[in-house]
Structures are given as structure tokens and as C-alpha cells.
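Shown next: coords22.cif, containing mmCIF, C-alpha atoms.
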data_input
loop_
_atom_site.label_atom_id
_atom_site.label_comp_id
_atom_site.auth_asym_id
_atom_site.auth_seq_id
_atom_site.Cartn_x
_atom_site.Cartn_y
_atom_site.Cartn_z
CA MET A 1 8.97 -28.65 -13.93
CA SER A 2 5.52 -28.22 -12.38
CA PHE A 3 4.69 -25.50 -9.86
CA ILE A 4 4.16 -28.07 -7.12
CA GLN A 5 7.68 -29.39 -7.71
CA SER A 6 9.01 -25.85 -7.43
CA MET A 7 7.26 -25.48 -4.08
CA GLN A 8 8.56 -28.85 -2.90
CA GLU A 9 12.10 -27.73 -3.68
CA ARG A 10 11.94 -24.15 -2.33
CA TYR A 11 13.19 -23.47 1.15
CA THR A 12 14.36 -20.60 3.32
CA THR A 13 17.97 -20.15 2.32
CA LYS A 14 20.37 -19.71 5.23
CA LYS A 15 23.65 -19.32 3.35
CA TYR A 16 24.22 -17.59 0.01
CA ASP A 17 27.03 -17.84 -2.51
CA PRO A 18 28.11 -14.19 -2.99
CA THR A 19 29.80 -15.03 -6.32
CA LYS A 20 26.54 -16.06 -8.00
CA LYS A 21 24.47 -13.21 -9.43
CA ILE A 22 20.88 -12.99 -10.61
CA SER A 23 20.57 -11.86 -14.22
CA LEU A 24 19.28 -8.34 -14.83
CA GLU A 25 16.48 -9.90 -16.88
CA HIS A 26 15.29 -11.92 -13.88
CA ILE A 27 15.51 -8.90 -11.56
CA GLU A 28 13.34 -6.93 -13.97
CA GLU A 29 10.88 -9.84 -14.10
CA LEU A 30 10.65 -9.86 -10.30
CA LYS A 31 9.93 -6.12 -10.31
CA GLU A 32 7.09 -6.60 -12.79
CA ILE A 33 5.74 -9.59 -10.85
CA LEU A 34 5.56 -7.45 -7.70
CA ARG A 35 3.87 -4.66 -9.62
CA LEU A 36 1.23 -7.16 -10.73
CA SER A 37 0.62 -8.55 -7.24
CA PRO A 38 -2.99 -8.68 -6.04
CA SER A 39 -4.37 -6.51 -3.24
CA SER A 40 -7.83 -5.94 -1.80
CA ILE A 41 -9.80 -3.46 -3.95
CA ASN A 42 -6.56 -3.10 -5.97
CA SER A 43 -5.38 -0.76 -3.20
CA GLN A 44 -1.63 -1.32 -3.72
CA PRO A 45 -0.58 0.43 -0.47
CA TRP A 46 3.07 -0.48 -0.96
CA LYS A 47 6.54 0.23 -2.24
CA PHE A 48 9.22 -2.35 -3.09
CA THR A 49 12.87 -1.30 -2.86
CA PHE A 50 15.46 -3.46 -4.64
CA VAL A 51 18.87 -3.11 -2.99
CA SER A 52 21.74 -4.63 -4.98
CA ASN A 53 24.41 -2.08 -4.01
CA GLN A 54 26.91 -3.81 -1.73
CA GLU A 55 27.63 -0.75 0.41
CA THR A 56 23.94 -0.22 1.13
CA ARG A 57 23.40 -3.91 1.83
CA ASN A 58 26.30 -3.82 4.31
CA LYS A 59 24.55 -0.99 6.16
CA LEU A 60 21.29 -2.94 6.18
CA ALA A 61 23.14 -6.05 7.36
CA LYS A 62 24.19 -4.26 10.54
CA VAL A 63 20.53 -3.77 11.48
CA SER A 64 19.34 -7.21 10.44
CA TRP A 65 20.02 -9.16 13.64
CA HIS A 66 20.68 -12.85 12.86
CA ASN A 67 20.18 -12.20 9.12
CA THR A 68 23.44 -10.25 8.73
CA SER A 69 25.28 -12.73 6.51
CA LYS A 70 22.24 -13.31 4.30
CA VAL A 71 21.91 -9.58 3.60
CA GLU A 72 25.65 -9.26 2.91
CA ASP A 73 26.02 -12.34 0.70
CA CYS A 74 22.80 -12.49 -1.30
CA ASP A 75 22.50 -10.80 -4.68
CA THR A 76 19.67 -8.40 -3.81
CA VAL A 77 17.54 -7.48 -0.82
CA ILE A 78 13.95 -6.58 -1.62
CA VAL A 79 12.40 -4.37 1.04
CA PHE A 80 8.60 -4.46 1.35
CA SER A 81 7.12 -1.25 2.73
CA ARG A 82 3.56 -0.15 3.33
CA ILE A 83 2.29 3.36 2.90
CA ASN A 84 2.39 5.14 6.24
CA ASN A 85 0.42 8.23 5.30
CA ILE A 86 -3.33 7.64 5.14
CA GLU A 87 -4.03 11.01 3.54
CA LEU A 88 -1.57 10.20 0.76
CA PHE A 89 -3.14 6.76 0.33
CA GLU A 90 -6.61 8.27 0.00
CA LYS A 91 -5.33 10.70 -2.64
CA GLN A 92 -3.74 7.77 -4.49
CA ILE A 93 -6.92 5.69 -4.62
CA GLU A 94 -9.04 8.70 -5.61
CA GLU A 95 -6.79 9.08 -8.66
CA THR A 96 -6.49 5.41 -9.62
CA LEU A 97 -9.42 3.28 -8.43
CA HIS A 98 -12.97 2.94 -9.74
CA PRO A 99 -15.82 4.42 -7.64
CA GLY A 100 -16.93 1.04 -6.25
CA ALA A 101 -13.52 0.38 -4.72
CA ILE A 102 -13.29 3.91 -3.33
CA ASN A 103 -16.75 3.58 -1.78
CA TYR A 104 -15.75 0.26 -0.20
CA TYR A 105 -12.78 1.96 1.42
CA LYS A 106 -14.87 4.89 2.64
CA GLU A 107 -17.64 2.67 4.04
CA PHE A 108 -15.71 -0.18 5.62
CA LEU A 109 -12.12 0.95 6.23
CA LYS A 110 -12.02 4.72 6.68
CA PRO A 111 -14.22 4.62 9.84
CA GLN A 112 -11.67 2.37 11.54
CA SER A 113 -8.75 3.58 13.64
CA GLU A 114 -5.45 4.54 12.06
CA GLU A 115 -3.87 1.43 13.58
CA GLN A 116 -6.53 -0.82 12.05
CA ILE A 117 -6.20 0.80 8.62
CA LYS A 118 -2.43 0.38 8.64
CA SER A 119 -2.84 -3.22 9.75
CA TRP A 120 -5.02 -3.72 6.66
CA PHE A 121 -2.23 -2.17 4.56
CA ASP A 122 0.22 -4.66 6.10
CA ARG A 123 -1.94 -7.59 5.04
CA GLN A 124 -1.88 -6.40 1.45
CA VAL A 125 1.92 -6.25 1.57
CA TYR A 126 2.03 -9.88 2.74
CA LEU A 127 -0.03 -10.91 -0.29
CA ALA A 128 2.77 -9.51 -2.46
CA LEU A 129 5.34 -11.32 -0.32
CA GLY A 130 3.68 -14.66 -1.06
CA VAL A 131 3.64 -13.88 -4.77
CA LEU A 132 7.35 -13.05 -4.74
CA LEU A 133 8.38 -16.19 -2.86
CA SER A 134 6.36 -18.33 -5.26
CA ALA A 135 7.82 -16.55 -8.29
CA CYS A 136 11.35 -17.07 -6.99
CA ALA A 137 10.66 -20.78 -6.53
CA GLU A 138 9.39 -21.05 -10.10
CA MET A 139 12.42 -19.12 -11.44
CA LYS A 140 14.91 -21.23 -9.42
CA ILE A 141 16.00 -18.19 -7.42
CA ASP A 142 16.67 -18.82 -3.74
CA SER A 143 15.02 -16.57 -1.17
CA THR A 144 14.84 -15.75 2.52
CA PRO A 145 11.89 -13.77 3.96
CA MET A 146 13.12 -11.75 6.93
CA GLU A 147 11.09 -10.14 9.69
CA GLY A 148 14.23 -10.26 11.84
CA ILE A 149 15.32 -6.76 10.88
CA GLU A 150 15.07 -3.27 12.41
CA PRO A 151 12.39 -1.58 10.26
CA GLU A 152 13.01 1.98 11.46
CA GLU A 153 16.72 1.67 10.68
CA TYR A 154 15.92 0.27 7.24
CA ASP A 155 13.69 3.29 6.63
CA LYS A 156 16.53 5.67 7.57
CA ILE A 157 19.15 3.91 5.45
CA LEU A 158 16.86 3.79 2.41
CA GLY A 159 15.49 7.30 2.94
CA LEU A 160 11.89 6.10 2.87
CA GLU A 161 9.32 8.86 3.32
CA ASN A 162 5.62 8.17 3.83
CA TYR A 163 6.38 4.43 3.80
CA GLN A 164 7.38 2.01 6.56
CA THR A 165 9.41 -1.18 6.16
CA ILE A 166 7.43 -4.32 7.04
CA VAL A 167 9.57 -7.23 5.85
CA ALA A 168 12.56 -7.86 3.59
CA VAL A 169 13.53 -10.74 1.31
CA ALA A 170 17.06 -11.75 0.44
CA VAL A 171 17.31 -13.28 -3.05
CA GLY A 172 20.22 -14.95 -4.78
CA TYR A 173 21.66 -18.44 -5.07
CA ARG A 174 22.44 -20.84 -2.26
CA ASP A 175 25.88 -21.83 -1.10
CA VAL A 176 26.39 -25.52 -1.92
CA GLU A 177 27.07 -26.12 1.78
CA ASP A 178 23.84 -24.54 3.00
CA GLN A 179 22.61 -27.06 5.59
CA ASN A 180 18.97 -25.96 5.29
CA GLN A 181 18.46 -27.05 1.67
CA PRO A 182 16.02 -29.95 1.12
CA ALA A 183 18.77 -32.20 -0.25
CA VAL A 184 20.42 -32.02 3.18
CA LYS A 185 17.54 -31.33 5.57
CA THR A 186 14.14 -32.83 4.81
CA LYS A 187 11.41 -30.22 4.41
CA SER A 188 9.14 -30.27 7.46
CA ARG A 189 5.41 -29.70 6.98
CA ARG A 190 2.36 -30.94 8.88
CA PRO A 191 0.33 -33.75 7.25
CA LEU A 192 -2.19 -32.76 4.59
CA ASP A 193 -5.20 -33.99 6.59
CA GLU A 194 -4.22 -31.75 9.50
CA VAL A 195 -4.09 -28.52 7.50
CA ILE A 196 -6.69 -29.11 4.78
CA LYS A 197 -10.41 -29.60 5.33
CA THR A 198 -12.68 -30.54 2.43
CA VAL A 199 -16.41 -29.84 2.76
#

Starting from the file, give its structure as C-alpha cells.
Amino acid sequence: MSFIQSMQERYTTKKYDPTKKISLEHIEELKEILRLSPSSINSQPWKFTFVSNQETRNKLAKVSWHNTSKVEDCDTVIVFSRINNIELFEKQIEETLHPGAINYYKEFLKPQSEEQIKSWFDRQVYLALGVLLSACAEMKIDSTPMEGIEPEEYDKILGLENYQTIVAVAVGYRDVEDQNQPAVKTKSRRPLDEVIKTV
């Protein structure tokens, strides 16, 4: 199947079948795919936490607003966090990036406010989110990106230090009665000529 077919068939899953599990091999592939995700200047200001443990997912479910059942019933919740300690980030890039990338950071990003720098970190995390959703579509794994969560509570439950939860993704396999799947509910997208301009 082509990638475009995978994208045509992917959708935001609303109801998961808790009896269907993702293979360990596929989970490990998703971890490596996230590790390989692109980021500006190869900054990688992130951490990805895979939560398969049911007890922990139940705790997260209680602070996931309308996403409670998805968090409880999916196979794994992947929590996307951005580094929340600029000093630690600067130490990280000094140790791992080439001088050109470090100089770019120092010249264009470091002079900005802390809020602006962290907003830039957030945008890198969302690049990885797009990669993950696309990978899941290609691997026939269902997924649900979730901003409807309580990030500070996620941080406490997962014991995150120096990182802050931005978004989470439930992954697993759909319940056959999920009313949001394309076979039941036609995928809704704006026409091509309204969203694409060719020059």
C-alpha cells in the first residue's frame, strides 16, 4: 500500500479495543522512529515516554479530560515532553552539536526571552508528533493525538524532571464499532485548491 493510501485511511481513533496489543517489535520501531525525528539544528529538545503499564495509564486517564477511555483502553500512551531547563539544553547541544548549529542557537535563539525559546522547543516536539502519526498510519497502528490532558499532572505521575509534557498520543487498535473510522464516517478535508497554492 502506498503512503498516500495510508494517510487516506488514518484517522483520529475515538474507541480502542483493549484486547488488541501492539507487538513489542512495532513498539521498538516507534521508539527508533521518534529518535530519528527531525528538529531544527538537530536540537532534539525532547523526551518521549512510552506508558504501557495499565496502572499508570489509569492514573493518566483521570487527568485526561474527555480522553479518559482512550488512555485506559489503548495499548500504549506516548507522552511528548520538551526540555524545560534552558541551561541543561545548552549543555546538551554543546556536547552533541557541531559549531555551526551551536552558533546559530547563540546568535538567533539565546537572545530571545525564556518563553520564546521554550516555544521554539515546543515546535520541534510537534515535528516529532507528525512523524509518529505518519509512521503509525504506515504501520497500520491506530492513533489519537491528545492535547486534552493536564500536562502538570502528567509530569507528576511520570516523575518528569527538567521536562514538561506538551502532548500525548494513544496508540493501539480500533474497536470495530468506532464511529469515527473512515469506513463509517467520511474523512473531512478542505478541497485541494483551497489549501495548496502552486507558483

(request) Could you tell me which residues the PyMOL selection byres ((chain A and resi 117-125) around 8) returns for this structure, as a list in words? (result)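 Evaluating the PyMOL selection byres ((chain A and resi 117-125) around 8) on these coordinates yields Pro38, Ser39, Ser40, Gln44, Pro45, Trp46, Phe80, Ser81, Arg82, Ile83, Asn84, Leu109, Lys110, Gln112, Ser113, Glu114, Glu115, Gln116, Tyr126, Leu127, Ala128, Leu129 and Ile166 of chain A.
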
Write the residues of the preceding selection, restricted to C-alpha atoms, as an mmCIF file, in the coordinates of the input.
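out-v3.cif written:
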data_model
loop_
_atom_site.group_PDB
_atom_site.id
_atom_site.type_symbol
_atom_site.label_atom_id
_atom_site.label_comp_id
_atom_site.auth_asym_id
_atom_site.auth_seq_id
_atom_site.Cartn_x
_atom_site.Cartn_y
_atom_site.Cartn_z
ATOM 1 C CA PRO A 38 -2.990 -8.680 -6.040
ATOM 2 C CA SER A 39 -4.370 -6.510 -3.240
ATOM 3 C CA SER A 40 -7.830 -5.940 -1.800
ATOM 4 C CA GLN A 44 -1.630 -1.320 -3.720
ATOM 5 C CA PRO A 45 -0.580 0.430 -0.470
ATOM 6 C CA TRP A 46 3.070 -0.480 -0.960
ATOM 7 C CA PHE A 80 8.600 -4.460 1.350
ATOM 8 C CA SER A 81 7.120 -1.250 2.730
ATOM 9 C CA ARG A 82 3.560 -0.150 3.330
ATOM 10 C CA ILE A 83 2.290 3.360 2.900
ATOM 11 C CA ASN A 84 2.390 5.140 6.240
ATOM 12 C CA LEU A 109 -12.120 0.950 6.230
ATOM 13 C CA LYS A 110 -12.020 4.720 6.680
ATOM 14 C CA GLN A 112 -11.670 2.370 11.540
ATOM 15 C CA SER A 113 -8.750 3.580 13.640
ATOM 16 C CA GLU A 114 -5.450 4.540 12.060
ATOM 17 C CA GLU A 115 -3.870 1.430 13.580
ATOM 18 C CA GLN A 116 -6.530 -0.820 12.050
ATOM 19 C CA TYR A 126 2.030 -9.880 2.740
ATOM 20 C CA LEU A 127 -0.030 -10.910 -0.290
ATOM 21 C CA ALA A 128 2.770 -9.510 -2.460
ATOM 22 C CA LEU A 129 5.340 -11.320 -0.320
ATOM 23 C CA ILE A 166 7.430 -4.320 7.040
#

Write out as a PDB file with C-alpha atoms, keeping the file's coordinate frame which residues come within 9 Å of Thr76 of chain A when counting all atoms listed in the file, dropping same-chain ones fewer than 4 positions away.
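Result went into selection_33.pdb, see below:
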ATOM      1  CA  LYS A  21      24.470 -13.210  -9.430  1.00  0.00           C
ATOM      2  CA  ILE A  22      20.880 -12.990 -10.610  1.00  0.00           C
ATOM      3  CA  ILE A  27      15.510  -8.900 -11.560  1.00  0.00           C
ATOM      4  CA  PHE A  50      15.460  -3.460  -4.640  1.00  0.00           C
ATOM      5  CA  VAL A  51      18.870  -3.110  -2.990  1.00  0.00           C
ATOM      6  CA  SER A  52      21.740  -4.630  -4.980  1.00  0.00           C
ATOM      7  CA  ASN A  53      24.410  -2.080  -4.010  1.00  0.00           C
ATOM      8  CA  GLN A  54      26.910  -3.810  -1.730  1.00  0.00           C
ATOM      9  CA  ARG A  57      23.400  -3.910   1.830  1.00  0.00           C
ATOM     10  CA  VAL A  71      21.910  -9.580   3.600  1.00  0.00           C
ATOM     11  CA  VAL A 169      13.530 -10.740   1.310  1.00  0.00           C
ATOM     12  CA  ALA A 170      17.060 -11.750   0.440  1.00  0.00           C
ATOM     13  CA  VAL A 171      17.310 -13.280  -3.050  1.00  0.00           C
ATOM     14  CA  GLY A 172      20.220 -14.950  -4.780  1.00  0.00           C
TER      15      GLY A 172
END

(request) Quick one: everything within 6 Å of Ala168 of chain A, counting all atoms listed in the file, minus sequence neighbours fewer than 2 positions away in the same chain. Send it as a list in words. (result) Ile78, Val79, Phe80, Pro145 and Met146 of chain A

(message) Selection in question (the file shown): the PyMOL selection byres ((chain A and resi 152) around 12). Which residues does it include, as number ranges by chain?
(response) A: 60, 63-64, 81, 149-151, 153-161, 163-167

Please dump the current selection as a compact mmCIF listing (two decimals), in the coordinates of the input; keep C-alpha atoms.
# COMPACT_ATOMS: atom_id res chain seq x y z
CA LEU A 60 21.29 -2.94 6.18
CA VAL A 63 20.53 -3.77 11.48
CA SER A 64 19.34 -7.21 10.44
CA SER A 81 7.12 -1.25 2.73
CA ILE A 149 15.32 -6.76 10.88
CA GLU A 150 15.07 -3.27 12.41
CA PRO A 151 12.39 -1.58 10.26
CA GLU A 153 16.72 1.67 10.68
CA TYR A 154 15.92 0.27 7.24
CA ASP A 155 13.69 3.29 6.63
CA LYS A 156 16.53 5.67 7.57
CA ILE A 157 19.15 3.91 5.45
CA LEU A 158 16.86 3.79 2.41
CA GLY A 159 15.49 7.30 2.94
CA LEU A 160 11.89 6.10 2.87
CA GLU A 161 9.32 8.86 3.32
CA TYR A 163 6.38 4.43 3.80
CA GLN A 164 7.38 2.01 6.56
CA THR A 165 9.41 -1.18 6.16
CA ILE A 166 7.43 -4.32 7.04
CA VAL A 167 9.57 -7.23 5.85

(request) Measuring atom to atom with only C-alpha atoms, identify which of A:Asp73, A:Asp178, A:Glu87, A:Glu194 is nearest to Asn58 of chain A. (result)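 Between A:Asp73, A:Asp178, A:Glu87, A:Glu194, the residue approaching Asn58 of chain A most closely is A:Asp73.
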
(message) Under the rule that all atoms listed in the file are counted, which of A:Ile86, A:Cys74, A:Ile4, A:Leu133 is the nearest residue to Leu34 of chain A?
(response)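 So, comparing all the options, the nearest one is A:Leu133.
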
(request) May I ask for the distance between atom CA of Thr68 of chain A and atom CA of Gly148 of chain A, given in Å to one decimal place? (result)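 Separating atom CA of Thr68 of chain A from atom CA of Gly148 of chain A is a distance of 9.7 Å.
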
(request) Point out the residue among A:Val184, A:Val199, A:Val77, A:Ala137 with the least atom-to-atom distance to Ser2 of chain A, counting all atoms listed in the file. (result)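 The shortest atom-to-atom distance to Ser2 of chain A comes from A:Ala137.
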
(message) I need the residue nearest His66 of chain A from this list: A:Glu94, A:Thr49, A:Lys14, A:Thr19. Use all atoms listed in the file for the distance.
(response) A:Lys14

(message) Would you compute the distance between atom CA of Arg35 of chain A and atom CA of Pro99 of chain A? Give it in Å to one decimal.
(response) 21.8 Å
